[in-house]
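Before any comments, here is the structure.
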Amino acid sequence: MTNSFHPPQRTLMGPGPSDVSPRVLAAMARPTIGHLDPEFIRMMDEVKSMLQYAFKTDSPLTMPISAPGSAGMEACFVNLVEPGDKVIVCQNGVFGGRMKENVERFGGQAIMVEDDWGKPVDPAKVTAAFAANSDVKLLAFVHAETSTGVMSDAKQLCQIARDNGALTIVDTVTSLGGSELDVAGWGIDAVYSGTQKCLSCPPGISPISFSEKAVAAIEKRETKTPSWFLDQKLVMGYWGAGAKRAYHHTAPVNSLYAFHESLVMLEEEGLENAWARHQLHHNALRAGLEAMGIGFLVEQQYRLPQLNSVMIPTGVDEAEVRRRLLADYNLEIGAGLGALAGKVWRIGLMGAACNKQNVLLCLSALENTLAAMGADIRTGKAIAAAESAYS
Ligand SMILES: *Cc1c(COP(=O)(O)O)cnc(C)c1O
């Protein structure tokens, strides 16, 4: 006989998933009802309107996809890219590379604009790419690059696309709920996100939103969208305004209860307050780390508050540090990805995990562990530095 699975109680300060609030977990345990039940449909309408609030858009084509953030990414590309379309793809980390894959798999031509990992997308390079290529249909970039901890200027990049008559696809998986995002105000045409980063919900749902211009482009397609599951025209029959809620697929009922609850919590806190909270705790974490002598990968003005890429002190076995944090403190932090593997740790301050208790736990756990391993850090200063950032 196999026993029930009881996971350990961790503190999740990596690149996601982040800690899920007990309120959200409790919502998930409520009774499953039919996905066409009138009460479920009432809840879906509330999810849609709270999601419009979170994204700052009133687009009716705003809804959660029943799959993780990567499916939201794919939904944007599969609906908007047709064979032969030119797409400028900005890459300054892992996720831009996946955008390129998406473009190419759907028959598009990816025109790459590359920046170093740890640097934001350079708007001048994007302008130059438009100047060098005619008939570009789309500009795609990552707002908050979780692999490096960098924020790019989405507002300016969208303006460049608009000036060149192109639509935009923007990855906001890590920015939504954690830093300023204004989908309508910045003129983003297709946006996707995830639930398990700054919304602090279990993974597996991807909110998306399309502008009127994006919908028009989807309607003008000459070829059928090559994915049945992600074809927005079909999904709208279930999620659309005034739609007859025809069966498309069985919605993940309980996961959507959880998502609903996390959006209720975001509304209660207020979007701007949530952004400010991420900044506040980032400031305290930074003060503590710097007092220890640990520096950041990214220049201060481009740093994401919710994802801190910090330099590993020289000579330290970084995997052993993470193993000890998990074993001794139940604390998870992230390793570096790709080109940054072995060079940085990624410390997340996302959603419900972004609080003072976690900042202090992380600083003391890291300090104790590094000191015990003989790392070259300053001890006895970090907590006081964080406390003074709070006062
Ligand atoms: C996490 C993440 C994704 C992928 O989301 P999944 O839910 O893991 O599929 C995409 N883009 C960015 C920037 C992310 O941080």
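Identifiers in this document derive from the order of the structure tokens: chains are assigned A, B, ..., residues are numbered from 1 separately in each chain, and ligands are numbered from 1 in order of occurrence.
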
Q) Taking only C-alpha atoms and all ligand atoms into account, which residues are within 6 Å of ligand 1, as a list in words? A) Pro68, Gly69, Ser70, Phe95, Ala144, Glu145, Thr146, Asp171, Val173, Thr174 and Gly194 of chain A

(Q) Which residues are near A:Gly380? Cut-off 12 Å, only C-alpha atoms, ignore same chain within fewer than 2 positions. Put them as JSON, numbers by chain. (A) {"A": [288, 289, 291, 292, 293, 363, 364, 366, 367, 368, 371, 377, 378, 382, 383, 384, 385, 386]}

Using the selection just defined, write its residues with N, CA, C and O atoms as a PDB file, in the first residue's frame.
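The new file result-v7.pdb reads:
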ATOM      1  N   GLY A 288      20.208  44.010   3.274  1.00  0.00           N
ATOM      2  CA  GLY A 288      20.798  42.927   4.055  1.00  0.00           C
ATOM      3  C   GLY A 288      21.886  42.196   3.285  1.00  0.00           C
ATOM      4  O   GLY A 288      22.974  41.907   3.807  1.00  0.00           O
ATOM      5  N   LEU A 289      21.605  41.894   2.023  1.00  0.00           N
ATOM      6  CA  LEU A 289      22.591  41.156   1.216  1.00  0.00           C
ATOM      7  C   LEU A 289      23.848  41.993   1.012  1.00  0.00           C
ATOM      8  O   LEU A 289      24.975  41.491   1.114  1.00  0.00           O
ATOM      9  N   ALA A 291      24.961  44.293   2.930  1.00  0.00           N
ATOM     10  CA  ALA A 291      25.693  44.373   4.205  1.00  0.00           C
ATOM     11  C   ALA A 291      26.551  43.119   4.413  1.00  0.00           C
ATOM     12  O   ALA A 291      27.597  43.153   5.057  1.00  0.00           O
ATOM     13  N   MET A 292      26.080  42.009   3.842  1.00  0.00           N
ATOM     14  CA  MET A 292      26.844  40.748   3.917  1.00  0.00           C
ATOM     15  C   MET A 292      27.986  40.723   2.894  1.00  0.00           C
ATOM     16  O   MET A 292      28.848  39.849   2.939  1.00  0.00           O
ATOM     17  N   GLY A 293      27.914  41.640   1.943  1.00  0.00           N
ATOM     18  CA  GLY A 293      28.929  41.663   0.885  1.00  0.00           C
ATOM     19  C   GLY A 293      28.511  40.899  -0.355  1.00  0.00           C
ATOM     20  O   GLY A 293      29.352  40.553  -1.197  1.00  0.00           O
ATOM     21  N   LEU A 363      17.790  36.112   4.978  1.00  0.00           N
ATOM     22  CA  LEU A 363      19.075  36.730   5.321  1.00  0.00           C
ATOM     23  C   LEU A 363      19.785  35.935   6.412  1.00  0.00           C
ATOM     24  O   LEU A 363      20.993  35.650   6.302  1.00  0.00           O
ATOM     25  N   SER A 364      19.057  35.552   7.452  1.00  0.00           N
ATOM     26  CA  SER A 364      19.763  34.848   8.537  1.00  0.00           C
ATOM     27  C   SER A 364      20.155  33.438   8.116  1.00  0.00           C
ATOM     28  O   SER A 364      21.251  32.976   8.453  1.00  0.00           O
ATOM     29  N   LEU A 366      20.866  32.390   5.085  1.00  0.00           N
ATOM     30  CA  LEU A 366      21.977  32.491   4.140  1.00  0.00           C
ATOM     31  C   LEU A 366      23.277  32.836   4.888  1.00  0.00           C
ATOM     32  O   LEU A 366      24.338  32.242   4.637  1.00  0.00           O
ATOM     33  N   GLU A 367      23.170  33.779   5.804  1.00  0.00           N
ATOM     34  CA  GLU A 367      24.364  34.190   6.554  1.00  0.00           C
ATOM     35  C   GLU A 367      24.936  33.024   7.373  1.00  0.00           C
ATOM     36  O   GLU A 367      26.140  32.738   7.326  1.00  0.00           O
ATOM     37  N   ASN A 368      24.061  32.336   8.104  1.00  0.00           N
ATOM     38  CA  ASN A 368      24.530  31.211   8.925  1.00  0.00           C
ATOM     39  C   ASN A 368      25.159  30.125   8.060  1.00  0.00           C
ATOM     40  O   ASN A 368      26.208  29.570   8.396  1.00  0.00           O
ATOM     41  N   ALA A 371      28.476  31.310   6.459  1.00  0.00           N
ATOM     42  CA  ALA A 371      29.533  31.425   7.476  1.00  0.00           C
ATOM     43  C   ALA A 371      30.024  30.029   7.877  1.00  0.00           C
ATOM     44  O   ALA A 371      31.230  29.790   7.989  1.00  0.00           O
ATOM     45  N   ILE A 377      32.175  36.322   3.731  1.00  0.00           N
ATOM     46  CA  ILE A 377      31.091  37.310   3.846  1.00  0.00           C
ATOM     47  C   ILE A 377      31.241  38.051   5.168  1.00  0.00           C
ATOM     48  O   ILE A 377      31.942  37.587   6.073  1.00  0.00           O
ATOM     49  N   ARG A 378      30.553  39.202   5.264  1.00  0.00           N
ATOM     50  CA  ARG A 378      30.533  39.935   6.534  1.00  0.00           C
ATOM     51  C   ARG A 378      29.358  39.410   7.359  1.00  0.00           C
ATOM     52  O   ARG A 378      28.243  39.325   6.845  1.00  0.00           O
ATOM     53  N   ALA A 382      23.626  41.947   8.498  1.00  0.00           N
ATOM     54  CA  ALA A 382      22.545  41.898   7.511  1.00  0.00           C
ATOM     55  C   ALA A 382      21.171  42.232   8.104  1.00  0.00           C
ATOM     56  O   ALA A 382      20.420  43.028   7.533  1.00  0.00           O
ATOM     57  N   ILE A 383      20.858  41.645   9.254  1.00  0.00           N
ATOM     58  CA  ILE A 383      19.518  41.850   9.825  1.00  0.00           C
ATOM     59  C   ILE A 383      19.329  43.319  10.198  1.00  0.00           C
ATOM     60  O   ILE A 383      18.285  43.921   9.911  1.00  0.00           O
ATOM     61  N   ALA A 384      20.347  43.899  10.799  1.00  0.00           N
ATOM     62  CA  ALA A 384      20.225  45.313  11.171  1.00  0.00           C
ATOM     63  C   ALA A 384      20.046  46.182   9.931  1.00  0.00           C
ATOM     64  O   ALA A 384      19.257  47.140   9.937  1.00  0.00           O
ATOM     65  N   ALA A 385      20.748  45.848   8.864  1.00  0.00           N
ATOM     66  CA  ALA A 385      20.626  46.640   7.628  1.00  0.00           C
ATOM     67  C   ALA A 385      19.214  46.522   7.054  1.00  0.00           C
ATOM     68  O   ALA A 385      18.636  47.511   6.598  1.00  0.00           O
ATOM     69  N   ALA A 386      18.669  45.305   7.089  1.00  0.00           N
ATOM     70  CA  ALA A 386      17.305  45.123   6.580  1.00  0.00           C
ATOM     71  C   ALA A 386      16.324  45.887   7.451  1.00  0.00           C
ATOM     72  O   ALA A 386      15.445  46.602   6.959  1.00  0.00           O
TER      73      ALA A 386
END

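For the choices A:Ile333, A:Gly315, A:Gly177, A:Ser388, the atom-to-atom distance to A:Met373 is smallest for A:Gly315 when using only C-alpha atoms.
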
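For stretch 107-120 of chain A, the residues within 7 Å (counting only C-alpha atoms, excluding itself and residues fewer than 5 positions away along the chain) are Val81, Glu82, Pro83, Gly84, Asp85, Lys86, Val87, Ile88, Val89, Cys90, Gln91, Asn92, Gly93, Lys100, Lys125, Val126, Thr148, Gly149, Val150, Met151, Ser152, Leu297, Val298 and Tyr302 of chain A.
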
Contact table stretch 340-386 of chain A vs stretch 20-35 of chain A, cut-off 9 Å, shortest pair per residue, only C-alpha atoms, as a tab-separated table:
residue	atom	partner	partner_atom	distance
A:Gly351	CA	A:Val20	CA	8.2
A:Ala352	CA	A:Ser21	CA	6.1
A:Ala353	CA	A:Val20	CA	7.7

Q | DSSP helix (DSSP H, G or I) residues within stretch 87-155 of chain A, as a PyMOL selection string | A | chain A and resi 94-105+123-132+154-155

Write out as a tab-separated table a residue-level contact list of stretch 22-74 of chain A versus stretch 226-241 of chain A with cut-off 10 Å: for each qualifying residue the closest pair of atoms and the distance in Å to one decimal, counting only C-alpha atoms, rows sorted by chain and residue number upward.
residue	atom	partner	partner_atom	distance
A:His35	CA	A:Tyr238	CA	10.0
A:Leu36	CA	A:Tyr238	CA	9.1
A:Ile41	CA	A:Trp239	CA	8.9
A:Met44	CA	A:Trp239	CA	7.7
A:Asp45	CA	A:Trp239	CA	8.4
A:Lys48	CA	A:Trp239	CA	8.6
A:Pro60	CA	A:Ala241	CA	6.7
A:Leu61	CA	A:Gly240	CA	6.9
A:Thr62	CA	A:Gly240	CA	8.7
A:Met63	CA	A:Trp239	CA	7.0
A:Pro64	CA	A:Trp239	CA	8.8
A:Ile65	CA	A:Leu230	CA	8.2
A:Ser66	CA	A:Leu230	CA	9.6
A:Ala67	CA	A:Leu230	CA	10.0
A:Ala71	CA	A:Leu230	CA	8.0
A:Gly72	CA	A:Leu230	CA	8.6
A:Glu74	CA	A:Leu230	CA	7.8

Q) What does the distance from atom CA of A:Gly334 to atom CA of A:Leu157 come to in Å, to one decimal? A)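 Between atom CA of A:Gly334 and atom CA of A:Leu157 the gap works out to 28.7 Å.
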
Q.
Let me make sure I understand: among A:Asn355, A:Gly185, A:Arg323, A:Arg286, which one has the smallest atom-to-atom distance to A:Thr57 if we use only C-alpha atoms?
A. A:Gly185

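Taking atom CA of A:Ile160 and atom CA of A:Val78 as endpoints, the distance between them is 23.0 Å.
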
Q) So, counting only C-alpha atoms, which residue among A:Thr379, A:Thr195, A:Asn3, A:Thr11 is closest to A:Leu256? A) A:Thr195

(Q) Based on the backbone DSSP call, show me all residues of stretch 88-254 of chain A assigned strand (DSSP E), as a count of residues only. (A) 34

Q: Could you check which of A:Ala75, A:Ile208, A:Val359, A:Val310 is closest to A:Ala335, using only C-alpha atoms?
A: A:Val310

Q.
Between atom CA of A:Met99 and atom CA of A:Met73, what is the distance in Å, rounded to a tenth?
A.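 Taking atom CA of A:Met99 as the start and atom CA of A:Met73 as the end point, the length is 7.6 Å.
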
Q: Identify, on the basis of only C-alpha atoms, every residue whose closest approach to stretch 327-330 of chain A does not exceed 6 Å; exclude the query and any residue fewer than 2 positions from it along the same chain; express the result as a PyMOL selection string.
A: chain A and resi 10+324-325
